[in-house]
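Next comes data_37.txt, a file with compact mmCIF, N, CA and C atoms.
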# COMPACT_ATOMS: atom_id res chain seq x y z
N MET A 19 30.58 -3.25 20.00
CA MET A 19 30.85 -4.42 19.18
C MET A 19 29.56 -5.18 18.85
N SER A 20 28.73 -5.43 19.85
CA SER A 20 27.50 -6.18 19.61
C SER A 20 26.53 -5.39 18.74
N ARG A 21 26.56 -4.08 18.86
CA ARG A 21 25.70 -3.24 18.03
C ARG A 21 26.11 -3.36 16.56
N LYS A 22 27.40 -3.42 16.31
CA LYS A 22 27.92 -3.55 14.95
C LYS A 22 27.53 -4.91 14.35
N ILE A 23 27.64 -5.95 15.14
CA ILE A 23 27.26 -7.29 14.68
C ILE A 23 25.77 -7.35 14.39
N MET A 24 24.98 -6.76 15.27
CA MET A 24 23.53 -6.74 15.07
C MET A 24 23.16 -5.99 13.80
N SER A 25 23.81 -4.87 13.55
CA SER A 25 23.56 -4.09 12.33
C SER A 25 23.91 -4.89 11.09
N MET A 26 25.03 -5.60 11.13
CA MET A 26 25.43 -6.42 9.99
C MET A 26 24.42 -7.55 9.76
N PHE A 27 23.97 -8.17 10.84
CA PHE A 27 23.00 -9.25 10.73
C PHE A 27 21.69 -8.76 10.13
N LEU A 28 21.20 -7.64 10.62
CA LEU A 28 19.96 -7.09 10.08
C LEU A 28 20.12 -6.69 8.62
N GLY A 29 21.28 -6.19 8.26
CA GLY A 29 21.55 -5.85 6.86
C GLY A 29 21.50 -7.08 5.97
N LEU A 30 22.09 -8.18 6.43
CA LEU A 30 22.06 -9.42 5.66
C LEU A 30 20.64 -9.96 5.52
N VAL A 31 19.86 -9.88 6.58
CA VAL A 31 18.47 -10.33 6.52
C VAL A 31 17.69 -9.50 5.51
N LEU A 32 17.90 -8.20 5.52
CA LEU A 32 17.22 -7.31 4.58
C LEU A 32 17.59 -7.64 3.14
N VAL A 33 18.87 -7.85 2.88
CA VAL A 33 19.32 -8.20 1.52
C VAL A 33 18.71 -9.53 1.10
N PHE A 34 18.69 -10.50 1.99
CA PHE A 34 18.11 -11.80 1.67
C PHE A 34 16.63 -11.68 1.32
N CYS A 35 15.89 -10.92 2.10
CA CYS A 35 14.45 -10.75 1.84
C CYS A 35 14.21 -10.06 0.50
N MET A 36 14.99 -9.06 0.19
CA MET A 36 14.83 -8.34 -1.07
C MET A 36 15.18 -9.24 -2.25
N THR A 37 16.20 -10.07 -2.09
CA THR A 37 16.61 -10.97 -3.16
C THR A 37 15.54 -12.03 -3.40
N ALA A 38 15.01 -12.59 -2.35
CA ALA A 38 13.97 -13.62 -2.49
C ALA A 38 12.74 -13.05 -3.16
N ALA A 39 12.36 -11.84 -2.82
CA ALA A 39 11.20 -11.21 -3.44
C ALA A 39 11.46 -10.90 -4.90
N GLY A 40 12.68 -10.62 -5.25
CA GLY A 40 13.03 -10.30 -6.63
C GLY A 40 12.89 -11.48 -7.57
N PHE A 41 12.96 -12.70 -7.05
CA PHE A 41 12.87 -13.88 -7.89
C PHE A 41 11.44 -14.38 -8.07
N ALA A 42 10.51 -13.83 -7.35
CA ALA A 42 9.12 -14.26 -7.46
C ALA A 42 8.48 -13.58 -8.67
N GLU A 43 8.31 -14.36 -9.73
CA GLU A 43 7.72 -13.81 -10.96
C GLU A 43 6.20 -13.85 -10.86
N ASP A 44 5.57 -12.76 -11.26
CA ASP A 44 4.11 -12.71 -11.28
C ASP A 44 3.60 -13.13 -12.64
N VAL A 45 2.48 -13.86 -12.64
CA VAL A 45 1.82 -14.28 -13.87
C VAL A 45 0.34 -13.94 -13.75
N PHE A 46 -0.35 -13.96 -14.87
CA PHE A 46 -1.77 -13.64 -14.91
C PHE A 46 -2.57 -14.90 -15.21
N VAL A 47 -3.67 -15.09 -14.50
CA VAL A 47 -4.57 -16.21 -14.77
C VAL A 47 -6.00 -15.68 -14.86
N THR A 48 -6.77 -16.24 -15.79
CA THR A 48 -8.18 -15.88 -15.88
C THR A 48 -8.95 -16.68 -14.84
N LYS A 49 -10.19 -16.31 -14.64
CA LYS A 49 -10.98 -16.92 -13.57
C LYS A 49 -11.09 -18.45 -13.70
N PHE A 50 -11.34 -18.93 -14.91
CA PHE A 50 -11.51 -20.37 -15.10
C PHE A 50 -10.43 -20.96 -16.00
N GLY A 51 -9.38 -20.20 -16.25
CA GLY A 51 -8.33 -20.65 -17.16
C GLY A 51 -7.50 -21.79 -16.61
N LYS A 52 -6.89 -22.52 -17.54
CA LYS A 52 -6.03 -23.64 -17.16
C LYS A 52 -4.57 -23.33 -17.44
N LYS A 53 -4.32 -22.09 -17.93
CA LYS A 53 -2.96 -21.68 -18.27
C LYS A 53 -2.65 -20.34 -17.63
N TYR A 54 -1.36 -20.07 -17.47
CA TYR A 54 -0.95 -18.76 -16.97
C TYR A 54 -0.22 -18.01 -18.07
N HIS A 55 -0.26 -16.69 -17.96
CA HIS A 55 0.24 -15.79 -19.00
C HIS A 55 1.15 -14.73 -18.37
N HIS A 56 1.98 -14.10 -19.21
CA HIS A 56 2.75 -12.95 -18.74
C HIS A 56 1.78 -11.85 -18.34
N VAL A 57 2.12 -11.10 -17.31
CA VAL A 57 1.22 -10.05 -16.84
C VAL A 57 1.04 -8.93 -17.86
N ASP A 58 1.95 -8.81 -18.82
CA ASP A 58 1.82 -7.76 -19.83
C ASP A 58 1.30 -8.28 -21.17
N SER A 59 0.74 -9.49 -21.17
CA SER A 59 0.22 -10.06 -22.42
C SER A 59 -1.16 -9.47 -22.74
N GLY A 60 -1.61 -9.68 -23.96
CA GLY A 60 -2.93 -9.21 -24.37
C GLY A 60 -4.04 -9.85 -23.57
N ILE A 61 -3.86 -11.08 -23.18
CA ILE A 61 -4.86 -11.77 -22.35
C ILE A 61 -5.06 -11.02 -21.04
N ALA A 62 -3.96 -10.63 -20.42
CA ALA A 62 -4.04 -9.95 -19.12
C ALA A 62 -4.68 -8.58 -19.24
N LYS A 63 -4.51 -7.94 -20.38
CA LYS A 63 -5.03 -6.58 -20.55
C LYS A 63 -6.52 -6.57 -20.88
N ASN A 64 -7.03 -7.65 -21.47
CA ASN A 64 -8.40 -7.65 -21.98
C ASN A 64 -9.37 -8.56 -21.24
N ARG A 65 -8.94 -9.18 -20.17
CA ARG A 65 -9.82 -10.13 -19.47
C ARG A 65 -9.79 -9.90 -17.97
N ASP A 66 -10.84 -10.38 -17.32
CA ASP A 66 -10.86 -10.38 -15.86
C ASP A 66 -10.06 -11.57 -15.37
N GLY A 67 -9.36 -11.37 -14.31
CA GLY A 67 -8.56 -12.44 -13.73
C GLY A 67 -7.76 -11.91 -12.57
N GLU A 68 -6.69 -12.61 -12.24
CA GLU A 68 -5.87 -12.19 -11.11
C GLU A 68 -4.40 -12.40 -11.41
N THR A 69 -3.57 -11.65 -10.72
CA THR A 69 -2.13 -11.80 -10.81
C THR A 69 -1.67 -12.58 -9.59
N ILE A 70 -0.93 -13.66 -9.85
CA ILE A 70 -0.40 -14.50 -8.78
C ILE A 70 1.06 -14.79 -9.08
N THR A 71 1.75 -15.39 -8.15
CA THR A 71 3.15 -15.75 -8.40
C THR A 71 3.20 -16.99 -9.29
N LEU A 72 4.30 -17.13 -9.98
CA LEU A 72 4.51 -18.31 -10.83
C LEU A 72 4.43 -19.57 -9.99
N GLU A 73 5.01 -19.53 -8.82
CA GLU A 73 4.98 -20.69 -7.93
C GLU A 73 3.55 -21.08 -7.58
N GLU A 74 2.70 -20.10 -7.28
CA GLU A 74 1.30 -20.38 -6.95
C GLU A 74 0.57 -20.98 -8.15
N ALA A 75 0.84 -20.45 -9.34
CA ALA A 75 0.21 -20.99 -10.56
C ALA A 75 0.59 -22.45 -10.76
N GLN A 76 1.84 -22.77 -10.53
CA GLN A 76 2.29 -24.15 -10.69
C GLN A 76 1.69 -25.05 -9.62
N LYS A 77 1.54 -24.54 -8.40
CA LYS A 77 0.91 -25.32 -7.33
C LYS A 77 -0.54 -25.63 -7.67
N ARG A 78 -1.21 -24.70 -8.37
CA ARG A 78 -2.61 -24.91 -8.77
C ARG A 78 -2.73 -25.87 -9.94
N GLY A 79 -1.61 -26.29 -10.50
CA GLY A 79 -1.64 -27.21 -11.63
C GLY A 79 -1.83 -26.54 -12.97
N LEU A 80 -1.66 -25.21 -13.02
CA LEU A 80 -1.81 -24.49 -14.28
C LEU A 80 -0.57 -24.69 -15.14
N LYS A 81 -0.75 -24.64 -16.44
CA LYS A 81 0.33 -24.81 -17.40
C LYS A 81 0.63 -23.47 -18.07
N PRO A 82 1.85 -23.29 -18.58
CA PRO A 82 2.18 -22.03 -19.27
C PRO A 82 1.49 -21.95 -20.63
N SER A 83 1.09 -20.75 -21.01
CA SER A 83 0.50 -20.55 -22.34
C SER A 83 1.60 -20.65 -23.39
N LYS A 84 1.21 -20.82 -24.65
CA LYS A 84 2.20 -20.88 -25.74
C LYS A 84 3.00 -19.59 -25.80
N ASP A 85 2.31 -18.46 -25.63
CA ASP A 85 3.00 -17.17 -25.66
C ASP A 85 4.00 -17.06 -24.51
N TYR A 86 3.62 -17.56 -23.34
CA TYR A 86 4.53 -17.52 -22.19
C TYR A 86 5.80 -18.30 -22.51
N LEU A 87 5.64 -19.49 -23.07
CA LEU A 87 6.80 -20.32 -23.42
C LEU A 87 7.66 -19.65 -24.49
N ARG A 88 7.02 -19.04 -25.46
CA ARG A 88 7.76 -18.36 -26.53
C ARG A 88 8.60 -17.23 -25.96
N ARG A 89 8.03 -16.48 -25.05
CA ARG A 89 8.76 -15.36 -24.45
C ARG A 89 9.92 -15.84 -23.58
N GLN A 90 9.81 -17.01 -23.03
CA GLN A 90 10.90 -17.55 -22.21
C GLN A 90 12.11 -17.89 -23.08
N GLU A 91 11.88 -18.24 -24.33
CA GLU A 91 12.96 -18.65 -25.23
C GLU A 91 13.60 -17.48 -25.96
N VAL A 92 12.90 -16.35 -26.06
CA VAL A 92 13.38 -15.20 -26.81
C VAL A 92 13.77 -14.10 -25.83
N PRO A 93 14.92 -13.46 -26.03
CA PRO A 93 15.29 -12.34 -25.15
C PRO A 93 14.20 -11.27 -25.15
N GLU A 94 13.96 -10.68 -23.99
CA GLU A 94 12.87 -9.72 -23.78
C GLU A 94 12.88 -8.58 -24.79
N ASN A 95 14.06 -8.09 -25.17
CA ASN A 95 14.12 -6.95 -26.08
C ASN A 95 13.80 -7.31 -27.52
N GLU A 96 13.67 -8.60 -27.84
CA GLU A 96 13.35 -9.02 -29.20
C GLU A 96 11.87 -9.37 -29.38
N ILE A 97 11.09 -9.27 -28.33
CA ILE A 97 9.67 -9.61 -28.40
C ILE A 97 8.91 -8.46 -29.04
N LYS A 98 8.12 -8.78 -30.08
CA LYS A 98 7.28 -7.76 -30.73
C LYS A 98 5.99 -7.64 -29.95
N LYS A 99 5.60 -6.41 -29.70
CA LYS A 99 4.36 -6.20 -28.93
C LYS A 99 3.27 -5.71 -29.83

Here is the file; what I need is its structure written in the form of structure tokens.
Amino acid sequence: MSRKIMSMFLGLVLVFCMTAAGFAEDVFVTKFGKKYHHVDSGIAKNRDGETITLEEAQKRGLKPSKDYLRRQEVPENEIKK
């Protein structure tokens, strides 16, 4: 009985951890930039910088780029690349 309960508990913990990680969006920031960008944007492909979580970017006081905001308003499949 206790083995079954322990297995269920560990399963729930695993699901919770995977769900929490799934909500952490990564963004791209340049070395001295004041804005963050989608990791697949042209800025991210052509410049040196780092990928961080959206939460970290907001903690640093960075603002979203215009392109980032535009992509948030338009469904992903309608974005022209």

- request: Can you pull out every residue within 6 Å of stretch 59-68 of chain A, counting only C-alpha atoms, but drop anything in the same chain fewer than 5 positions away, and send it as a ChimeraX atom specification?
  value: /A:46-49

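Taking atom CA of A:Ile70 as the reference point, atom CA of A:Phe50 is found at 14.1 Å.
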
task: Could you check how far atom N of A:Glu43 sits from atom N of A:Leu72, in Å to one decimal?
output: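 According to the coordinates, atom N of A:Glu43 and atom N of A:Leu72 are separated by 4.9 Å.
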
query: Restricting the calculation to only C-alpha atoms, which member of A:Thr69, A:His55, A:Gln76, A:Ile23 is positioned closest to A:Gln90?
result: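 Looking at the shortest contact to A:Gln90, the residue is A:His55.
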
Selection as a PyMOL selection string: residues within 6 Å of (-1.0, -20.2, -18.9), counting all atoms listed in the file: chain A and resi 52-55+80-83

statement: One decimal place gives the atom CA of A:Leu87-atom CA of A:Thr71 separation as 16.1 Å
